[in-house]
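J.: My structure file start-v7.pdb, PDB, C-alpha atoms and all ligand atoms, is below:
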ATOM      1  CA  MET A   1      48.146 -20.485 -45.905
ATOM      2  CA  ALA A   2      47.672 -19.103 -42.391
ATOM      3  CA  THR A   3      44.362 -19.878 -40.690
ATOM      4  CA  LEU A   4      41.885 -17.066 -41.183
ATOM      5  CA  GLY A   5      39.950 -17.054 -37.932
ATOM      6  CA  ASN A   6      41.398 -13.813 -36.594
ATOM      7  CA  PRO A   7      41.035 -10.144 -37.583
ATOM      8  CA  SER A   8      44.528  -9.535 -38.988
ATOM      9  CA  ASN A   9      44.640 -12.542 -41.366
ATOM     10  CA  THR A  10      41.095 -11.795 -42.516
ATOM     11  CA  ILE A  11      41.961  -8.140 -43.257
ATOM     12  CA  GLU A  12      45.096  -9.241 -45.116
ATOM     13  CA  ILE A  13      43.083 -11.501 -47.447
ATOM     14  CA  LEU A  14      40.356  -8.887 -47.963
ATOM     15  CA  GLN A  15      42.978  -6.299 -48.918
ATOM     16  CA  LYS A  16      44.940  -8.661 -51.144
ATOM     17  CA  TYR A  17      41.829  -9.266 -53.252
ATOM     18  CA  GLN A  18      40.311  -5.798 -52.695
ATOM     19  CA  PHE A  19      37.141  -7.496 -51.577
ATOM     20  CA  HIS A  20      34.092  -5.368 -50.766
ATOM     21  CA  PHE A  21      31.390  -6.787 -48.488
ATOM     22  CA  GLN A  22      28.000  -7.154 -50.108
ATOM     23  CA  LYS A  23      25.190  -6.425 -47.686
ATOM     24  CA  LYS A  24      22.636  -8.105 -49.942
ATOM     25  CA  PHE A  25      24.433 -11.437 -49.387
ATOM     26  CA  GLY A  26      24.461 -11.141 -45.572
ATOM     27  CA  GLN A  27      28.256 -11.181 -45.408
ATOM     28  CA  ASN A  28      29.542 -11.176 -41.834
ATOM     29  CA  PHE A  29      32.727 -13.217 -41.602
ATOM     30  CA  LEU A  30      33.797 -15.012 -38.432
ATOM     31  CA  ILE A  31      37.015 -13.736 -36.865
ATOM     32  CA  ASP A  32      37.087 -15.660 -33.576
ATOM     33  CA  THR A  33      38.925 -18.971 -33.253
ATOM     34  CA  HIS A  34      37.098 -19.921 -30.039
ATOM     35  CA  VAL A  35      33.750 -19.700 -31.777
ATOM     36  CA  LEU A  36      35.038 -21.727 -34.725
ATOM     37  CA  GLU A  37      36.396 -24.435 -32.427
ATOM     38  CA  LYS A  38      33.125 -24.532 -30.520
ATOM     39  CA  ILE A  39      31.138 -24.970 -33.741
ATOM     40  CA  MET A  40      33.388 -27.896 -34.777
ATOM     41  CA  ASP A  41      32.957 -29.480 -31.366
ATOM     42  CA  LYS A  42      29.170 -29.061 -31.203
ATOM     43  CA  ALA A  43      28.658 -30.178 -34.819
ATOM     44  CA  GLN A  44      30.480 -33.392 -33.847
ATOM     45  CA  ILE A  45      32.425 -33.508 -37.094
ATOM     46  CA  SER A  46      34.681 -36.525 -37.586
ATOM     47  CA  LYS A  47      36.824 -37.939 -40.381
ATOM     48  CA  GLU A  48      33.865 -40.081 -41.472
ATOM     49  CA  ASP A  49      31.695 -37.083 -42.292
ATOM     50  CA  CYS A  50      30.736 -35.459 -45.562
ATOM     51  CA  VAL A  51      29.783 -31.867 -44.733
ATOM     52  CA  ILE A  52      27.944 -29.282 -46.785
ATOM     53  CA  GLU A  53      28.860 -25.718 -45.863
ATOM     54  CA  ILE A  54      26.505 -22.977 -47.005
ATOM     55  CA  GLY A  55      28.227 -19.647 -47.662
ATOM     56  CA  PRO A  56      31.932 -20.290 -47.012
ATOM     57  CA  GLY A  57      32.832 -16.588 -47.445
ATOM     58  CA  ILE A  58      36.637 -16.413 -47.584
ATOM     59  CA  GLY A  59      36.912 -19.994 -46.306
ATOM     60  CA  THR A  60      37.472 -19.403 -42.586
ATOM     61  CA  MET A  61      35.208 -22.166 -41.285
ATOM     62  CA  THR A  62      35.869 -24.253 -44.411
ATOM     63  CA  GLN A  63      39.496 -24.656 -43.305
ATOM     64  CA  TYR A  64      38.341 -26.034 -39.931
ATOM     65  CA  LEU A  65      35.862 -28.346 -41.644
ATOM     66  CA  ALA A  66      38.503 -29.574 -44.086
ATOM     67  CA  GLU A  67      40.778 -30.415 -41.152
ATOM     68  CA  ASN A  68      38.059 -32.321 -39.294
ATOM     69  CA  ALA A  69      35.835 -33.932 -41.958
ATOM     70  CA  ARG A  70      36.427 -36.485 -44.704
ATOM     71  CA  ARG A  71      34.907 -34.276 -47.396
ATOM     72  CA  VAL A  72      33.538 -30.726 -47.598
ATOM     73  CA  ILE A  73      31.232 -29.259 -50.222
ATOM     74  CA  ALA A  74      31.103 -25.466 -49.932
ATOM     75  CA  ILE A  75      28.332 -23.588 -51.764
ATOM     76  CA  GLU A  76      28.965 -19.854 -52.247
ATOM     77  CA  ILE A  77      26.778 -17.443 -54.252
ATOM     78  CA  ASP A  78      29.244 -14.532 -54.562
ATOM     79  CA  GLN A  79      31.543 -15.079 -57.533
ATOM     80  CA  ASN A  80      33.992 -12.491 -56.175
ATOM     81  CA  LEU A  81      34.770 -14.941 -53.354
ATOM     82  CA  ILE A  82      35.652 -17.853 -55.639
ATOM     83  CA  PRO A  83      39.266 -16.797 -56.437
ATOM     84  CA  ILE A  84      39.782 -16.103 -52.722
ATOM     85  CA  LEU A  85      38.496 -19.559 -51.802
ATOM     86  CA  GLN A  86      40.788 -21.149 -54.397
ATOM     87  CA  ASP A  87      43.664 -19.432 -52.616
ATOM     88  CA  THR A  88      42.671 -20.002 -48.965
ATOM     89  CA  LEU A  89      41.677 -23.641 -49.545
ATOM     90  CA  SER A  90      44.548 -24.559 -51.876
ATOM     91  CA  GLY A  91      46.164 -26.695 -49.164
ATOM     92  CA  TYR A  92      43.165 -29.028 -48.838
ATOM     93  CA  GLY A  93      42.436 -31.861 -51.248
ATOM     94  CA  ASN A  94      39.058 -32.733 -49.707
ATOM     95  CA  VAL A  95      37.093 -29.528 -50.464
ATOM     96  CA  MET A  96      34.859 -28.817 -53.435
ATOM     97  CA  VAL A  97      33.682 -25.220 -53.936
ATOM     98  CA  MET A  98      30.511 -24.562 -55.923
ATOM     99  CA  ASN A  99      29.571 -21.069 -57.126
ATOM    100  CA  GLU A 100      25.793 -21.423 -56.729
ATOM    101  CA  ASP A 101      22.759 -20.028 -54.957
ATOM    102  CA  VAL A 102      22.088 -22.709 -52.322
ATOM    103  CA  LEU A 103      18.336 -22.293 -52.769
ATOM    104  CA  LYS A 104      18.670 -23.456 -56.385
ATOM    105  CA  VAL A 105      20.910 -26.466 -55.777
ATOM    106  CA  ASP A 106      19.372 -29.903 -56.285
ATOM    107  CA  MET A 107      20.530 -31.383 -52.951
ATOM    108  CA  HIS A 108      19.317 -34.910 -53.737
ATOM    109  CA  SER A 109      21.510 -35.148 -56.857
ATOM    110  CA  LEU A 110      24.444 -33.457 -55.121
ATOM    111  CA  ILE A 111      24.376 -35.926 -52.202
ATOM    112  CA  GLU A 112      23.875 -38.846 -54.566
ATOM    113  CA  GLU A 113      26.871 -37.800 -56.680
ATOM    114  CA  GLN A 114      29.196 -36.691 -53.898
ATOM    115  CA  ASN A 115      28.304 -39.061 -51.043
ATOM    116  CA  LYS A 116      26.599 -42.021 -52.752
ATOM    117  CA  GLY A 117      23.295 -40.942 -51.215
ATOM    118  CA  ASN A 118      24.584 -41.394 -47.643
ATOM    119  CA  SER A 119      23.748 -38.982 -44.810
ATOM    120  CA  ILE A 120      25.545 -35.665 -44.668
ATOM    121  CA  LYS A 121      25.914 -32.924 -42.060
ATOM    122  CA  VAL A 122      25.287 -29.256 -42.770
ATOM    123  CA  VAL A 123      27.424 -26.671 -40.977
ATOM    124  CA  ALA A 124      27.148 -22.959 -41.721
ATOM    125  CA  ASN A 125      27.336 -19.398 -40.569
ATOM    126  CA  LEU A 126      24.174 -18.589 -42.479
ATOM    127  CA  PRO A 127      23.309 -15.434 -44.402
ATOM    128  CA  TYR A 128      20.552 -14.181 -42.083
ATOM    129  CA  TYR A 129      18.306 -12.792 -44.842
ATOM    130  CA  ILE A 130      17.410 -16.319 -45.991
ATOM    131  CA  THR A 131      17.718 -18.401 -42.793
ATOM    132  CA  THR A 132      14.164 -19.752 -42.843
ATOM    133  CA  PRO A 133      14.021 -20.763 -46.548
ATOM    134  CA  ILE A 134      17.410 -22.483 -46.227
ATOM    135  CA  VAL A 135      16.519 -24.407 -43.050
ATOM    136  CA  MET A 136      13.008 -25.346 -44.135
ATOM    137  CA  GLY A 137      14.248 -26.217 -47.636
ATOM    138  CA  LEU A 138      16.766 -28.648 -46.142
ATOM    139  CA  LEU A 139      14.314 -30.210 -43.688
ATOM    140  CA  GLU A 140      11.355 -30.501 -46.062
ATOM    141  CA  SER A 141      13.366 -31.909 -48.962
ATOM    142  CA  HIS A 142      13.804 -35.220 -47.074
ATOM    143  CA  ILE A 143      17.471 -35.468 -48.057
ATOM    144  CA  PRO A 144      19.642 -37.873 -46.020
ATOM    145  CA  LEU A 145      20.668 -35.549 -43.200
ATOM    146  CA  ASP A 146      22.261 -36.241 -39.785
ATOM    147  CA  SER A 147      22.274 -32.737 -38.400
ATOM    148  CA  ILE A 148      22.344 -29.044 -39.232
ATOM    149  CA  THR A 149      24.607 -26.862 -37.069
ATOM    150  CA  ILE A 150      24.152 -23.213 -37.942
ATOM    151  CA  MET A 151      24.854 -19.682 -36.798
ATOM    152  CA  VAL A 152      21.642 -17.684 -36.970
ATOM    153  CA  GLN A 153      20.161 -14.532 -35.489
ATOM    154  CA  LYS A 154      19.642 -15.098 -31.749
ATOM    155  CA  GLU A 155      15.875 -14.543 -31.879
ATOM    156  CA  VAL A 156      15.500 -17.036 -34.734
ATOM    157  CA  ALA A 157      17.402 -19.681 -32.756
ATOM    158  CA  GLN A 158      15.074 -19.075 -29.798
ATOM    159  CA  ARG A 159      12.017 -19.368 -32.044
ATOM    160  CA  MET A 160      13.231 -22.738 -33.339
ATOM    161  CA  GLN A 161      13.690 -24.080 -29.814
ATOM    162  CA  GLU A 162      10.575 -22.782 -28.016
ATOM    163  CA  GLY A 163       7.504 -24.724 -26.923
ATOM    164  CA  PRO A 164       3.863 -23.730 -26.209
ATOM    165  CA  GLY A 165       3.253 -20.785 -23.919
ATOM    166  CA  SER A 166       6.251 -18.711 -25.024
ATOM    167  CA  LYS A 167       5.788 -15.640 -27.185
ATOM    168  CA  GLU A 168       8.590 -16.858 -29.473
ATOM    169  CA  TYR A 169       6.674 -20.087 -30.174
ATOM    170  CA  GLY A 170       5.217 -20.301 -33.654
ATOM    171  CA  ALA A 171       5.077 -22.000 -37.043
ATOM    172  CA  LEU A 172       8.888 -22.130 -37.323
ATOM    173  CA  SER A 173       9.227 -23.853 -33.910
ATOM    174  CA  LEU A 174       6.708 -26.527 -34.890
ATOM    175  CA  ALA A 175       8.127 -27.089 -38.364
ATOM    176  CA  VAL A 176      11.692 -27.445 -37.060
ATOM    177  CA  GLN A 177      10.645 -29.698 -34.150
ATOM    178  CA  TYR A 178       8.678 -31.982 -36.476
ATOM    179  CA  TYR A 179      11.910 -32.793 -38.334
ATOM    180  CA  ALA A 180      14.629 -32.342 -35.702
ATOM    181  CA  ARG A 181      15.620 -31.824 -32.078
ATOM    182  CA  PRO A 182      16.879 -28.244 -31.704
ATOM    183  CA  GLU A 183      19.487 -27.215 -29.152
ATOM    184  CA  ILE A 184      21.152 -23.816 -28.828
ATOM    185  CA  VAL A 185      24.816 -24.643 -28.254
ATOM    186  CA  ALA A 186      26.466 -21.199 -28.174
ATOM    187  CA  HIS A 187      25.699 -17.488 -27.962
ATOM    188  CA  VAL A 188      27.914 -15.311 -30.129
ATOM    189  CA  PRO A 189      28.232 -11.518 -29.752
ATOM    190  CA  PRO A 190      28.599  -9.118 -32.742
ATOM    191  CA  ASN A 191      32.321  -8.513 -32.115
ATOM    192  CA  CYS A 192      33.130 -12.055 -33.317
ATOM    193  CA  PHE A 193      32.299 -11.014 -36.904
ATOM    194  CA  MET A 194      33.628  -8.656 -39.540
ATOM    195  CA  PRO A 195      31.739  -6.459 -40.241
ATOM    196  CA  ARG A 196      29.763  -6.571 -36.977
ATOM    197  CA  PRO A 197      26.089  -7.510 -37.430
ATOM    198  CA  LYS A 198      23.493  -5.297 -35.740
ATOM    199  CA  VAL A 199      21.970  -8.325 -34.000
ATOM    200  CA  GLY A 200      23.140 -10.976 -31.544
ATOM    201  CA  SER A 201      23.765 -14.480 -32.901
ATOM    202  CA  ALA A 202      23.508 -18.038 -31.679
ATOM    203  CA  VAL A 203      24.647 -21.429 -32.886
ATOM    204  CA  ILE A 204      21.873 -23.991 -32.947
ATOM    205  CA  ARG A 205      22.224 -27.688 -33.676
ATOM    206  CA  LEU A 206      19.257 -29.474 -35.237
ATOM    207  CA  THR A 207      19.638 -33.222 -34.831
ATOM    208  CA  CYS A 208      17.378 -34.783 -37.431
ATOM    209  CA  HIS A 209      14.815 -37.380 -36.343
ATOM    210  CA  ASP A 210      14.875 -40.775 -38.056
ATOM    211  CA  ARG A 211      11.087 -40.559 -37.954
ATOM    212  CA  PRO A 212       8.893 -37.578 -37.000
ATOM    213  CA  PRO A 213       7.871 -37.699 -33.314
ATOM    214  CA  VAL A 214       4.148 -37.612 -34.214
ATOM    215  CA  GLU A 215       2.021 -39.509 -36.723
ATOM    216  CA  VAL A 216       0.350 -37.250 -39.244
ATOM    217  CA  LYS A 217      -2.054 -38.412 -41.938
ATOM    218  CA  ASN A 218      -1.457 -35.398 -44.169
ATOM    219  CA  GLU A 219       1.723 -33.367 -43.528
ATOM    220  CA  LYS A 220       0.797 -30.540 -45.881
ATOM    221  CA  PHE A 221      -2.585 -30.119 -44.239
ATOM    222  CA  MET A 222      -1.020 -30.018 -40.761
ATOM    223  CA  PHE A 223       1.457 -27.313 -41.798
ATOM    224  CA  ASP A 224      -1.321 -25.297 -43.523
ATOM    225  CA  LEU A 225      -3.249 -25.574 -40.257
ATOM    226  CA  ILE A 226      -0.242 -24.464 -38.209
ATOM    227  CA  ARG A 227       0.472 -21.484 -40.481
ATOM    228  CA  ALA A 228      -3.170 -20.407 -40.365
ATOM    229  CA  SER A 229      -3.187 -20.708 -36.557
ATOM    230  CA  PHE A 230      -0.212 -18.365 -36.167
ATOM    231  CA  ASN A 231      -1.111 -15.985 -39.036
ATOM    232  CA  GLN A 232      -3.701 -14.529 -36.749
ATOM    233  CA  ARG A 233      -2.011 -15.197 -33.450
ATOM    234  CA  ARG A 234      -4.431 -13.275 -31.263
ATOM    235  CA  LYS A 235      -7.516 -15.011 -32.662
ATOM    236  CA  THR A 236      -8.957 -18.170 -31.175
ATOM    237  CA  LEU A 237      -8.389 -21.301 -33.249
ATOM    238  CA  VAL A 238     -12.117 -21.504 -33.956
ATOM    239  CA  ASN A 239     -12.081 -18.044 -35.570
ATOM    240  CA  GLY A 240      -8.609 -18.244 -37.136
ATOM    241  CA  LEU A 241      -9.038 -21.659 -38.735
ATOM    242  CA  GLY A 242     -12.747 -21.221 -39.481
ATOM    243  CA  ASN A 243     -11.925 -18.111 -41.557
ATOM    244  CA  ALA A 244      -8.800 -19.380 -43.352
ATOM    245  CA  ALA A 245      -9.718 -19.523 -47.048
ATOM    246  CA  ASN A 246      -7.228 -22.274 -48.000
ATOM    247  CA  LEU A 247      -8.409 -24.744 -45.327
ATOM    248  CA  ASN A 248     -12.066 -24.981 -46.226
ATOM    249  CA  LEU A 249     -13.179 -25.588 -42.655
ATOM    250  CA  GLY A 250     -16.252 -24.319 -40.842
ATOM    251  CA  LYS A 251     -16.102 -22.866 -37.336
ATOM    252  CA  GLU A 252     -18.432 -25.624 -36.063
ATOM    253  CA  GLN A 253     -16.081 -28.263 -37.434
ATOM    254  CA  VAL A 254     -13.084 -26.733 -35.628
ATOM    255  CA  GLU A 255     -15.077 -26.393 -32.416
ATOM    256  CA  ALA A 256     -16.195 -30.032 -32.586
ATOM    257  CA  ALA A 257     -12.622 -31.205 -33.123
ATOM    258  CA  LEU A 258     -11.395 -29.194 -30.123
ATOM    259  CA  THR A 259     -14.202 -30.593 -27.972
ATOM    260  CA  ALA A 260     -13.247 -34.131 -29.054
ATOM    261  CA  MET A 261      -9.718 -33.339 -27.878
ATOM    262  CA  GLU A 262     -11.122 -31.970 -24.581
ATOM    263  CA  LEU A 263      -9.786 -28.497 -25.365
ATOM    264  CA  SER A 264     -11.596 -25.210 -24.771
ATOM    265  CA  PRO A 265     -13.278 -23.648 -27.851
ATOM    266  CA  SER A 266     -11.591 -20.356 -26.924
ATOM    267  CA  ILE A 267      -8.051 -21.789 -27.062
ATOM    268  CA  ARG A 268      -5.402 -20.113 -29.241
ATOM    269  CA  GLY A 269      -2.845 -21.857 -31.465
ATOM    270  CA  GLU A 270       0.054 -20.724 -29.287
ATOM    271  CA  ALA A 271      -1.180 -23.063 -26.511
ATOM    272  CA  LEU A 272      -1.076 -26.244 -28.616
ATOM    273  CA  SER A 273       1.888 -28.626 -28.672
ATOM    274  CA  LEU A 274       3.117 -30.420 -31.798
ATOM    275  CA  GLU A 275       1.295 -33.571 -30.607
ATOM    276  CA  GLN A 276      -1.955 -31.600 -30.295
ATOM    277  CA  PHE A 277      -1.567 -29.990 -33.729
ATOM    278  CA  ALA A 278      -0.987 -33.457 -35.178
ATOM    279  CA  GLU A 279      -4.125 -34.778 -33.485
ATOM    280  CA  LEU A 280      -6.214 -31.776 -34.562
ATOM    281  CA  SER A 281      -4.951 -32.130 -38.110
ATOM    282  CA  ASN A 282      -5.741 -35.862 -38.178
ATOM    283  CA  ILE A 283      -9.311 -35.188 -36.993
ATOM    284  CA  LEU A 284      -9.933 -32.272 -39.383
ATOM    285  CA  CYS A 285      -8.458 -33.762 -42.535
ATOM    286  CA  GLN A 286     -10.952 -36.625 -42.515
TER     287      GLN A 286
HETATM  288  N1  LIG B   1      31.252 -18.856 -43.571
HETATM  289  C1  LIG B   1      31.825 -17.531 -43.622
HETATM  290  C2  LIG B   1      32.290 -17.145 -42.233
HETATM  291  O1  LIG B   1      31.786 -17.725 -41.280
HETATM  292  O2  LIG B   1      33.143 -16.281 -42.109
HETATM  293  C3  LIG B   1      30.839 -16.485 -44.188
HETATM  294  C4  LIG B   1      29.484 -16.403 -43.533
HETATM  295  S1  LIG B   1      28.498 -15.057 -44.077
HETATM  296  C5  LIG B   1      27.422 -14.824 -42.695
HETATM  297  C6  LIG B   1      27.329 -15.773 -45.216
HETATM  298  C7  LIG B   1      27.921 -16.266 -46.547
HETATM  299  O3  LIG B   1      26.846 -16.801 -47.341
HETATM  300  C8  LIG B   1      28.550 -15.176 -47.418
HETATM  301  O4  LIG B   1      29.767 -15.627 -47.910
HETATM  302  C9  LIG B   1      27.557 -14.973 -48.564
HETATM  303  O5  LIG B   1      28.142 -14.508 -49.748
HETATM  304  C10 LIG B   1      26.978 -16.367 -48.694
HETATM  305  N2  LIG B   1      25.621 -16.432 -49.286
HETATM  306  C11 LIG B   1      24.632 -15.510 -49.210
HETATM  307  N3  LIG B   1      23.540 -15.919 -49.870
HETATM  308  C12 LIG B   1      23.836 -17.150 -50.370
HETATM  309  C13 LIG B   1      23.110 -18.089 -51.165
HETATM  310  N4  LIG B   1      21.848 -17.851 -51.556
HETATM  311  N5  LIG B   1      23.725 -19.243 -51.532
HETATM  312  C14 LIG B   1      25.014 -19.500 -51.137
HETATM  313  N6  LIG B   1      25.747 -18.646 -50.389
HETATM  314  C15 LIG B   1      25.166 -17.487 -50.006
END
Have the structure of the file written as structure tokens, please.
T.:
Amino acid sequence: MATLGNPSNTIEILQKYQFHFQKKFGQNFLIDTHVLEKIMDKAQISKEDCVIEIGPGIGTMTQYLAENARRVIAIEIDQNLIPILQDTLSGYGNVMVMNEDVLKVDMHSLIEEQNKGNSIKVVANLPYYITTPIVMGLLESHIPLDSITIMVQKEVAQRMQEGPGSKEYGALSLAVQYYARPEIVAHVPPNCFMPRPKVGSAVIRLTCHDRPPVEVKNEKFMFDLIRASFNQRRKTLVNGLGNAANLNLGKEQVEAALTAMELSPSIRGEALSLEQFAELSNILCQ
């Protein structure tokens, strides 16, 4: 089977199987070998690695992963792609294709069964309509994970990487940075995909922390606090958190905590670092 990472081989396969793209599944297939090689390089895949690929499509990146990794588990929701994958991946004995919705897969059991519970890497050109649930699902599930190297919408990659003071900074930045070190490793224009997406894309690598960089007494409370802070971005923390129904805090309590941290009572959430959110959360959850 010829490698798929170019327009003519991709069109040939699509025509052979009379495949029709499904917009609802976010199907934009990679057709650029340079981008594929760059993803392999930045994901640092070696023959020791067990890799989970989310959304293999027709198997373009799966072929590269199969060449470079020890084992590949590819999870694809669209059953019309399964016969294609059986064809395009027939030359590789180290790939397992699963016809599942990734959001419904029990990752703990999968990793236990397929990799004896040892750390895996995730590599994917993600369906953009569910980027955040996929990434947060992986990070929050506490599965053994080395890194996640993913193609996402450019703006989402920027949001994951930003710090305080930027307008892109928000709940997603803090959640990702609590679990991993994000680094944008490539920018990818629409003409590297078929069909072309309407947005620019970027590859971001999230290298998972062994331990979170801050100590938090109650993780759920800190993330509720963070979400409430950015839900009403333009409000001060005193007003935003003091009014959030699920937090059960009074404005005076928030103001006292900020004073204890030597912060102004008129400060907004977008000015606080992860360390400061952790400290605020530890004071307020007492
Ligand atoms: N990896 C291929 C490539 O780079 O050419 C395809 C990437 S395409 C952006 C996203 C893929 O994810 C599609 O094949 C789509 O069918 C699949 N997909 C969408 N939603 C999914 C879900 N919930 N679970 C698993 N796969 C999904």
J.: From the options A:Gln44, A:Thr33, A:Asn246, A:Asn125, which residue's atoms come nearest to ligand LIG 1 (chain B), counting all atoms listed in the file?
T.: A:Asn125
J.: Around ligand LIG 1 (chain B), out to 8 Å and counting only C-alpha atoms and all ligand atoms, which residues are there? I want them as an NGL selection string.
T.: :A and (22 or 24-31 or 53-62 or 75-78 or 81 or 99-103 or 124-130 or 193)
J.: Tell me which of A:Ile204, A:Asp32, A:Ala186, A:Leu138 sits closest to Gln161 of chain A, counting all atoms listed in the file.
T.: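 Of the candidates, the smallest distance to Gln161 of chain A is held by A:Ile204.
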J.: Since I can't run it myself right now, could you work out what the PyMOL selection byres (((chain A and resi 280) around 12) and not hetatm) selects here and report it as number ranges by chain?
T.: A: 214-218, 221-223, 225-226, 229, 237-238, 241, 253-263, 269, 272-279, 281-286
J.: Could the centre and edge lengths of an axis-aligned box, enclosing all atoms of segment 63-70 of chain A in the file with 8 Å extra on each side, be given in Å to one decimal as JSON?
T.:
{"center_x": 38.3, "center_y": -30.6, "center_z": -42.0, "size_x": 20.9, "size_y": 27.8, "size_z": 21.4}
J.: Which residue, A:Ile143, A:Ile267, A:Val105, A:Val123, has the smallest gap to Cys50 of chain A when you use all atoms listed in the file?
T.: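 Distance minimum relative to Cys50 of chain A lands on A:Val123.
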J.: Atom CA of Arg205 of chain A to atom CA of Ile134 of chain A: how many Å, to one decimal?
T.: 14.4 Å
J.: Counting all atoms listed in the file, which residues have an atom no more than 12 Å from (14.8, -11.4, -31.5) in the file's coordinates? Please list them as an NGL selection string.
T.: :A and (152-160 or 167-169 or 198-202)
J.: Given the file shown, enumerate the residues that the PyMOL selection byres (((chain A and resi 42) around 9) and not hetatm) captures and present them as a PyMOL selection string.
T.: chain A and resi 37-41+43-45+149+185-186+205
J.: Using all atoms listed in the file, find the one residue out of A:Ala171, A:Val95, A:Ala180, A:Ile82 that sits nearest to Tyr17 of chain A.
T.: A:Ile82
J.: Tell me, as number ranges by chain, which residues lie within 6 Å of segment 64-69 of chain A, counting only C-alpha atoms; anything in the same chain fewer than 4 positions away does not count.
T.: A: 45-47, 49
J.: Between A:Cys208, A:Arg268, A:Pro195, A:Val203, which residue has the minimum interatomic distance to Ile11 of chain A, considering all atoms listed in the file?
T.: A:Pro195
J.: Check the smallest atom-to-atom distance from each of A:Ser109, A:Tyr179, A:Arg196, A:Pro83 to Val135 of chain A using only C-alpha atoms, then report the winner.
T.: A:Tyr179
J.: Tell me which protein, DNA and RNA residues are within 6 Å of Ile120 of chain A, counting all atoms listed in the file, leaving out same-chain ones fewer than 6 positions away, and put them as a ChimeraX atom specification.
T.: /A:50-51,145-146
J.: Report, in Å to a single decimal, how far apart atom CA of Pro182 of chain A and atom CA of Arg234 of chain A are.
T.: 26.0 Å
J.: Please, what distance in Å, to one decimal, runs between atom CA of Pro144 of chain A and atom CA of Met98 of chain A?
T.: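 Atom-to-atom, atom CA of Pro144 of chain A to atom CA of Met98 of chain A, that is 19.8 Å.
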J.: Scan for residues within 6 Å of the point (-7.3, -16.8, -39.2) in the coordinates of the file, using only C-alpha atoms, and reply as number ranges by chain.
T.: A: 228, 232, 240-241, 243-244
J.: For segment 73-77 of chain A, where the input has fewer atoms than it should, I would like all heavy atoms rebuilt and written as a CSV table (one decimal), in the frame of the given file.
T.:
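What follows is the written file rebuild.csv:
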chain,number,residue,atom,x,y,z
A,73,ILE,N,31.8,-29.9,-49.0
A,73,ILE,CA,31.2,-29.3,-50.2
A,73,ILE,C,30.8,-27.9,-49.8
A,73,ILE,O,29.9,-27.7,-48.9
A,73,ILE,CB,30.0,-30.1,-50.8
A,73,ILE,CG1,30.5,-31.5,-51.1
A,73,ILE,CG2,29.4,-29.4,-52.0
A,73,ILE,CD1,29.4,-32.5,-51.2
A,74,ALA,N,31.4,-26.8,-50.4
A,74,ALA,CA,31.1,-25.5,-49.9
A,74,ALA,C,30.4,-24.7,-51.1
A,74,ALA,O,30.9,-24.6,-52.2
A,74,ALA,CB,32.4,-24.8,-49.6
A,75,ILE,N,29.2,-24.2,-50.7
A,75,ILE,CA,28.3,-23.6,-51.8
A,75,ILE,C,28.3,-22.1,-51.5
A,75,ILE,O,27.7,-21.6,-50.5
A,75,ILE,CB,26.9,-24.2,-51.7
A,75,ILE,CG1,26.9,-25.7,-51.8
A,75,ILE,CG2,26.0,-23.6,-52.8
A,75,ILE,CD1,25.6,-26.4,-51.6
A,76,GLU,N,28.9,-21.3,-52.4
A,76,GLU,CA,29.0,-19.9,-52.2
A,76,GLU,C,28.4,-19.1,-53.5
A,76,GLU,O,28.7,-19.4,-54.6
A,76,GLU,CB,30.4,-19.5,-52.1
A,76,GLU,CG,30.7,-18.0,-52.0
A,76,GLU,CD,30.0,-17.2,-50.9
A,76,GLU,OE1,30.1,-17.6,-49.8
A,76,GLU,OE2,29.2,-16.3,-51.3
A,77,ILE,N,27.5,-18.2,-53.2
A,77,ILE,CA,26.8,-17.4,-54.3
A,77,ILE,C,27.6,-16.3,-54.9
A,77,ILE,O,27.5,-16.0,-56.1
A,77,ILE,CB,25.5,-16.8,-53.7
A,77,ILE,CG1,24.5,-16.4,-54.9
A,77,ILE,CG2,25.7,-15.6,-52.8
A,77,ILE,CD1,23.1,-16.0,-54.4
